>>> print(open('data.pdb').read())   # PDB, C-alpha atoms
MODEL        1
ATOM      1  CA  MET C   1      -0.031 -17.209 193.563
ATOM      2  CA  TRP C   2       1.384 -14.118 191.886
ATOM      3  CA  LEU C   3       4.181 -13.640 194.461
ATOM      4  CA  ASP C   4       5.563 -17.078 193.611
ATOM      5  CA  ASP C   5       6.244 -16.008 190.024
ATOM      6  CA  GLN C   6       8.166 -12.833 190.856
ATOM      7  CA  PRO C   7      11.946 -12.482 190.916
ATOM      8  CA  THR C   8      12.884 -12.560 194.595
ATOM      9  CA  ALA C   9      16.031 -11.334 196.323
ATOM     10  CA  LEU C  10      17.936 -13.368 198.891
ATOM     11  CA  TYR C  11      19.838 -10.903 201.050
ATOM     12  CA  ARG C  12      22.359 -11.130 203.860
ATOM     13  CA  PHE C  13      23.387  -8.574 206.483
ATOM     14  CA  PHE C  14      26.859  -8.702 208.040
ATOM     15  CA  ASP C  15      28.486  -6.776 210.879
ATOM     16  CA  ALA C  16      31.830  -4.936 210.604
ATOM     17  CA  ASP C  17      33.735  -8.123 211.492
ATOM     18  CA  GLY C  18      32.005 -10.100 208.743
ATOM     19  CA  ALA C  19      29.723 -12.073 211.057
ATOM     20  CA  LEU C  20      26.414 -12.972 209.440
ATOM     21  CA  LEU C  21      23.586 -11.182 211.229
ATOM     22  CA  TYR C  22      20.500 -11.963 209.147
ATOM     23  CA  VAL C  23      19.313 -13.710 205.978
ATOM     24  CA  GLY C  24      16.009 -12.888 204.301
ATOM     25  CA  ILE C  25      14.054 -12.819 201.057
ATOM     26  CA  THR C  26      11.879 -10.183 199.453
ATOM     27  CA  ALA C  27      10.587  -8.940 196.138
ATOM     28  CA  ASP C  28      10.917  -5.335 197.382
ATOM     29  CA  LEU C  29      14.318  -4.648 198.964
ATOM     30  CA  GLU C  30      13.620  -1.026 199.863
ATOM     31  CA  GLN C  31      10.408  -1.797 201.740
ATOM     32  CA  ARG C  32      11.811  -4.880 203.505
ATOM     33  CA  TRP C  33      15.045  -3.207 204.559
ATOM     34  CA  SER C  34      13.032  -0.257 205.832
ATOM     35  CA  SER C  35      11.130  -2.623 208.136
ATOM     36  CA  HIS C  36      14.436  -4.027 209.429
ATOM     37  CA  GLN C  37      15.529  -0.552 210.523
ATOM     38  CA  ARG C  38      13.321  -0.940 213.621
ATOM     39  CA  LYS C  39      15.240  -4.022 214.753
ATOM     40  CA  PRO C  40      17.659  -3.580 217.658
ATOM     41  CA  TRP C  41      20.487  -5.176 215.639
ATOM     42  CA  TRP C  42      20.108  -2.843 212.633
ATOM     43  CA  PRO C  43      22.896  -0.441 213.765
ATOM     44  CA  ASP C  44      25.327  -3.397 213.612
ATOM     45  CA  VAL C  45      24.729  -3.908 209.858
ATOM     46  CA  ALA C  46      27.909  -2.891 208.012
ATOM     47  CA  LYS C  47      27.577  -4.883 204.787
ATOM     48  CA  LYS C  48      24.665  -6.142 202.665
ATOM     49  CA  THR C  49      24.686  -8.689 199.858
ATOM     50  CA  VAL C  50      21.891  -9.550 197.425
ATOM     51  CA  GLU C  51      21.396 -12.435 195.027
ATOM     52  CA  TRP C  52      18.314 -12.596 192.832
ATOM     53  CA  HIS C  53      16.320 -15.765 192.120
ATOM     54  CA  ASP C  54      13.756 -16.230 189.348
ATOM     55  CA  THR C  55      10.904 -17.190 191.673
ATOM     56  CA  ARG C  56       9.965 -16.880 195.346
ATOM     57  CA  PRO C  57       9.958 -20.663 195.968
ATOM     58  CA  VAL C  58      13.547 -20.907 194.709
ATOM     59  CA  ALA C  59      14.584 -17.958 196.905
ATOM     60  CA  LEU C  60      12.777 -19.452 199.898
ATOM     61  CA  ALA C  61      14.614 -22.756 199.496
ATOM     62  CA  ALA C  62      17.922 -20.877 199.285
ATOM     63  CA  GLU C  63      17.016 -18.818 202.363
ATOM     64  CA  LEU C  64      16.178 -21.888 204.449
ATOM     65  CA  GLU C  65      19.401 -23.581 203.402
ATOM     66  CA  ALA C  66      21.417 -20.447 204.246
ATOM     67  CA  ILE C  67      19.803 -20.147 207.679
ATOM     68  CA  LYS C  68      20.449 -23.824 208.358
ATOM     69  CA  SER C  69      24.037 -23.927 207.135
ATOM     70  CA  GLU C  70      25.265 -20.381 207.896
ATOM     71  CA  ALA C  71      23.489 -19.830 211.250
ATOM     72  CA  PRO C  72      22.789 -16.080 211.080
ATOM     73  CA  ARG C  73      22.638 -14.563 214.549
ATOM     74  CA  TYR C  74      19.210 -12.919 214.359
ATOM     75  CA  ASN C  75      17.044 -15.164 212.218
ATOM     76  CA  VAL C  76      14.173 -16.637 214.176
ATOM     77  CA  ALA C  77      13.759 -19.771 212.088
ATOM     78  CA  GLY C  78      16.713 -22.087 212.315
ATOM     79  CA  SER C  79      19.146 -19.888 214.230
ATOM     80  CA  PRO C  80      20.826 -21.434 217.264
ATOM     81  CA  TRP C  81      20.867 -17.990 218.944
ATOM     82  CA  ALA C  82      17.194 -17.181 218.503
ATOM     83  CA  PRO C  83      14.993 -17.671 221.532
ATOM     84  CA  GLY C  84      12.260 -20.234 221.175
ATOM     85  CA  PRO C  85       8.624 -19.731 221.995
ATOM     86  CA  ARG C  86       7.759 -19.030 225.609
ATOM     87  CA  GLU C  87       6.823 -21.964 227.798
ATOM     88  CA  LEU C  88       3.124 -22.644 228.174
ATOM     89  CA  GLU C  89       1.489 -22.007 231.539
ATOM     90  CA  ALA C  90      -0.385 -24.869 233.208
ATOM     91  CA  ASP C  91      -3.729 -23.455 232.002
ATOM     92  CA  GLU C  92      -2.640 -22.982 228.361
ATOM     93  CA  LEU C  93      -2.942 -25.250 225.342
ATOM     94  CA  ASN C  94      -1.604 -25.027 221.823
ATOM     95  CA  THR C  95      -4.085 -25.642 219.013
ATOM     96  CA  GLY C  96      -3.201 -29.328 218.698
ATOM     97  CA  GLN C  97      -3.764 -29.879 222.411
ATOM     98  CA  ALA C  98      -7.033 -27.927 222.251
ATOM     99  CA  LYS C  99      -8.275 -30.219 219.474
ATOM    100  CA  GLU C 100      -7.562 -33.232 221.693
ATOM    101  CA  VAL C 101      -9.482 -31.666 224.588
ATOM    102  CA  LEU C 102     -12.416 -30.935 222.276
ATOM    103  CA  ARG C 103     -12.407 -34.550 221.061
ATOM    104  CA  GLY C 104     -12.641 -35.585 224.713
ATOM    105  CA  VAL C 105     -15.530 -33.166 225.271
ATOM    106  CA  GLU C 106     -17.331 -34.716 222.291
ATOM    107  CA  LEU C 107     -16.953 -38.085 224.038
ATOM    108  CA  GLY C 108     -18.399 -36.767 227.292
ATOM    109  CA  ALA C 109     -15.426 -35.329 229.180
ATOM    110  CA  GLN C 110     -15.904 -31.974 230.901
ATOM    111  CA  VAL C 111     -13.747 -28.898 231.121
ATOM    112  CA  VAL C 112     -13.436 -28.187 234.855
ATOM    113  CA  GLU C 113     -11.188 -25.089 234.798
ATOM    114  CA  PRO C 114     -10.746 -22.406 232.111
ATOM    115  CA  LEU C 115      -8.159 -23.428 229.511
ATOM    116  CA  PHE C 116      -6.563 -20.767 227.326
ATOM    117  CA  ILE C 117      -5.690 -21.563 223.716
ATOM    118  CA  VAL C 118      -2.558 -19.831 222.448
ATOM    119  CA  ASP C 119      -1.552 -18.898 218.906
ATOM    120  CA  ARG C 120       1.524 -20.143 217.055
ATOM    121  CA  THR C 121       3.643 -17.023 217.512
ATOM    122  CA  LYS C 122       6.730 -17.035 219.737
ATOM    123  CA  SER C 123       4.880 -14.938 222.286
ATOM    124  CA  ARG C 124       2.050 -17.492 222.317
ATOM    125  CA  ARG C 125      -0.730 -14.954 222.748
ATOM    126  CA  ARG C 126      -3.935 -16.200 224.317
ATOM    127  CA  VAL C 127      -6.563 -16.172 221.564
ATOM    128  CA  ALA C 128      -9.452 -18.257 222.934
ATOM    129  CA  VAL C 129     -10.618 -19.897 226.119
ATOM    130  CA  LEU C 130     -12.470 -23.115 226.892
ATOM    131  CA  VAL C 131     -14.624 -22.731 229.990
ATOM    132  CA  PRO C 132     -16.635 -25.174 232.077
ATOM    133  CA  HIS C 133     -20.268 -25.400 231.027
ATOM    134  CA  ASP C 134     -21.547 -24.087 234.388
ATOM    135  CA  PHE C 135     -19.279 -21.028 234.031
ATOM    136  CA  TYR C 136     -20.749 -20.396 230.584
ATOM    137  CA  GLU C 137     -24.320 -20.791 231.852
ATOM    138  CA  GLN C 138     -23.615 -18.375 234.723
ATOM    139  CA  ALA C 139     -22.142 -15.819 232.311
ATOM    140  CA  LEU C 140     -25.270 -16.017 230.125
ATOM    141  CA  SER C 141     -27.487 -15.575 233.164
ATOM    142  CA  ASP C 142     -25.433 -12.597 234.404
ATOM    143  CA  ARG C 143     -25.578 -10.995 230.966
ATOM    144  CA  ALA C 144     -29.354 -11.388 230.772
ATOM    145  CA  ARG C 145     -29.711  -9.889 234.277
ATOM    146  CA  LEU C 146     -27.545  -6.888 233.312
ATOM    147  CA  GLU C 147     -29.491  -6.342 230.111
ATOM    148  CA  SER C 148     -32.783  -6.363 232.031
ATOM    149  CA  LEU C 149     -31.406  -3.798 234.494
ATOM    150  CA  GLU C 150     -30.386  -1.493 231.637
ATOM    151  CA  LYS C 151     -33.953  -1.395 230.274
TER     152      LYS C 151
ENDMDL
END
>>> encode(input="data.pdb", output="structure tokens")
Amino acid sequence: MWLDDQPTALYRFFDADGALLYVGITADLEQRWSSHQRKPWWPDVAKKTVEWHDTRPVALAAELEAIKSEAPRYNVAGSPWAPGPRELEADELNTGQAKEVLRGVELGAQVVEPLFIVDRTKSRRRVAVLVPHDFYEQALSDRARLESLEK
């Protein structure tokens, strides 16, 4: 991949007291820092440091090590201060759980209540739903009835 071969910057943001706020990598500092300006912690940034690495994989390894060992306050990955993903509701499944349910369905199990599948983001957005077969059949019937009324 072409990004892997580019020189990549590892940067750090510090507050006025020298506390590490954030660690990141980018091949385009201006664009990346511009996107950080929308973050609520951006006004606290008093100092920035940059170290360049020959390739993105090398910079990524350095970034992960820095997050792990230096514990920047606002990094999502690896920071002890960052909130984790929201808890799943009783009717929600992550993708791994959904695969297990589908394996059960292949073996004859039935979905009896709608089950929402969530994505891998921290917000765990609902992206799909498994519904009981009778619910699906009723929806098809209702749709056909509505389409016939529209004609």
>>> resolve_selection(input="data.pdb", expression="the PyMOL selection byres ((chain C and resi 44) around 10)", output="list in words")
Phe13, Phe14, Asp15, Ala16, Asp17, Leu21, Pro40, Trp41, Trp42, Pro43, Val45, Ala46 and Lys47 of chain C
>>> closest_atom_pairs(input="data.pdb", of="segment 63-114 of chain C", to="segment 118-132 of chain C", cutoff="12 Å", atoms="all atoms listed in the file", output="tab-separated table")
residue	atom	partner	partner_atom	distance
C:Val76	CA	C:Lys122	CA	9.3
C:Ala77	CA	C:Lys122	CA	10.7
C:Ala82	CA	C:Lys122	CA	10.5
C:Pro83	CA	C:Lys122	CA	8.5
C:Gly84	CA	C:Lys122	CA	6.5
C:Pro85	CA	C:Lys122	CA	4.0
C:Arg86	CA	C:Ser123	CA	6.0
C:Glu87	CA	C:Arg124	CA	8.5
C:Leu88	CA	C:Arg124	CA	7.9
C:Glu89	CA	C:Val118	CA	10.2
C:Asp91	CA	C:Val129	CA	9.7
C:Glu92	CA	C:Val118	CA	6.7
C:Leu93	CA	C:Val118	CA	6.2
C:Asn94	CA	C:Val118	CA	5.3
C:Thr95	CA	C:Val118	CA	6.9
C:Gly96	CA	C:Val118	CA	10.2
C:Gln97	CA	C:Val118	CA	10.1
C:Ala98	CA	C:Leu130	CA	8.6
C:Lys99	CA	C:Leu130	CA	11.1
C:Val101	CA	C:Leu130	CA	9.3
C:Leu102	CA	C:Leu130	CA	9.1
C:Val105	CA	C:Pro132	CA	10.6
C:Ala109	CA	C:Pro132	CA	10.6
C:Gln110	CA	C:Pro132	CA	6.9
C:Val111	CA	C:Pro132	CA	4.8
C:Val112	CA	C:Pro132	CA	5.2
C:Glu113	CA	C:Pro132	CA	6.1
C:Pro114	CA	C:Val131	CA	4.4
>>> closest_residue(input="data.pdb", among="C:Ala9, C:Tyr74, C:Gly104, C:Gln37", to="Val58 of chain C", atoms="all atoms listed in the file")
C:Ala9
>>> atom_distance(input="data.pdb", atom1="atom CA of Asp28 of chain C", atom2="atom CA of Ala62 of chain C")
17.2 Å
>>> resolve_selection(input="data.pdb", expression="the PyMOL selection byres ((chain C and resi 69) around 12)", output="compact mmCIF listing (two decimals) with C-alpha atoms, in the coordinates of the input")
# COMPACT_ATOMS: atom_id res chain seq x y z
CA LEU C 20 26.41 -12.97 209.44
CA VAL C 23 19.31 -13.71 205.98
CA ALA C 62 17.92 -20.88 199.28
CA GLU C 63 17.02 -18.82 202.36
CA LEU C 64 16.18 -21.89 204.45
CA GLU C 65 19.40 -23.58 203.40
CA ALA C 66 21.42 -20.45 204.25
CA ILE C 67 19.80 -20.15 207.68
CA LYS C 68 20.45 -23.82 208.36
CA GLU C 70 25.26 -20.38 207.90
CA ALA C 71 23.49 -19.83 211.25
CA PRO C 72 22.79 -16.08 211.08
CA GLY C 78 16.71 -22.09 212.32
CA SER C 79 19.15 -19.89 214.23
CA PRO C 80 20.83 -21.43 217.26
>>> closest_residue(input="data.pdb", among="C:Lys48, C:Arg12, C:Arg56, C:Lys39", to="Thr26 of chain C", atoms="all atoms listed in the file")
C:Arg56
>>> atom_distance(input="data.pdb", atom1="atom CA of Glu150 of chain C", atom2="atom CA of His133 of chain C")
26.0 Å
>>> atom_distance(input="data.pdb", atom1="atom CA of Ala61 of chain C", atom2="atom CA of Tyr11 of chain C")
13.0 Å
>>> resolve_selection(input="data.pdb", expression="the PyMOL selection byres ((chain C and resi 6) around 12)", output="MDAnalysis selection string")
chainID C and resid 1:5 7:9 25:28 52:59
>>> decode(input="data.pdb", residues="segment 126-137 of chain C", atoms="N, CA and C atoms", output="short mmCIF file (atom, residue, chain, number, x, y, z; two decimals), in the first residue's frame")
data_model
loop_
_atom_site.label_atom_id
_atom_site.label_comp_id
_atom_site.auth_asym_id
_atom_site.auth_seq_id
_atom_site.Cartn_x
_atom_site.Cartn_y
_atom_site.Cartn_z
N ARG C 126 -26.27 0.65 15.77
CA ARG C 126 -27.02 -0.48 15.23
C ARG C 126 -26.94 -0.42 13.71
N VAL C 127 -26.47 -1.51 13.09
CA VAL C 127 -26.26 -1.52 11.65
C VAL C 127 -27.09 -2.57 10.92
N ALA C 128 -27.65 -3.54 11.64
CA ALA C 128 -28.46 -4.58 11.03
C ALA C 128 -29.35 -5.17 12.11
N VAL C 129 -30.36 -5.89 11.65
CA VAL C 129 -31.26 -6.53 12.61
C VAL C 129 -31.62 -7.93 12.12
N LEU C 130 -31.63 -8.88 13.03
CA LEU C 130 -32.14 -10.22 12.76
C LEU C 130 -33.56 -10.24 13.30
N VAL C 131 -34.50 -10.70 12.48
CA VAL C 131 -35.90 -10.71 12.91
C VAL C 131 -36.44 -12.13 12.81
N PRO C 132 -37.46 -12.44 13.61
CA PRO C 132 -38.10 -13.75 13.48
C PRO C 132 -38.69 -13.92 12.08
N HIS C 133 -38.72 -15.15 11.61
CA HIS C 133 -39.21 -15.42 10.27
C HIS C 133 -40.64 -14.94 10.07
N ASP C 134 -41.52 -15.14 11.06
CA ASP C 134 -42.91 -14.71 10.92
C ASP C 134 -43.02 -13.18 10.81
N PHE C 135 -42.14 -12.47 11.49
CA PHE C 135 -42.10 -11.00 11.37
C PHE C 135 -41.73 -10.60 9.94
N TYR C 136 -40.74 -11.28 9.40
CA TYR C 136 -40.30 -11.03 8.03
C TYR C 136 -41.42 -11.31 7.04
N GLU C 137 -42.08 -12.44 7.19
CA GLU C 137 -43.19 -12.81 6.30
C GLU C 137 -44.31 -11.77 6.38
#
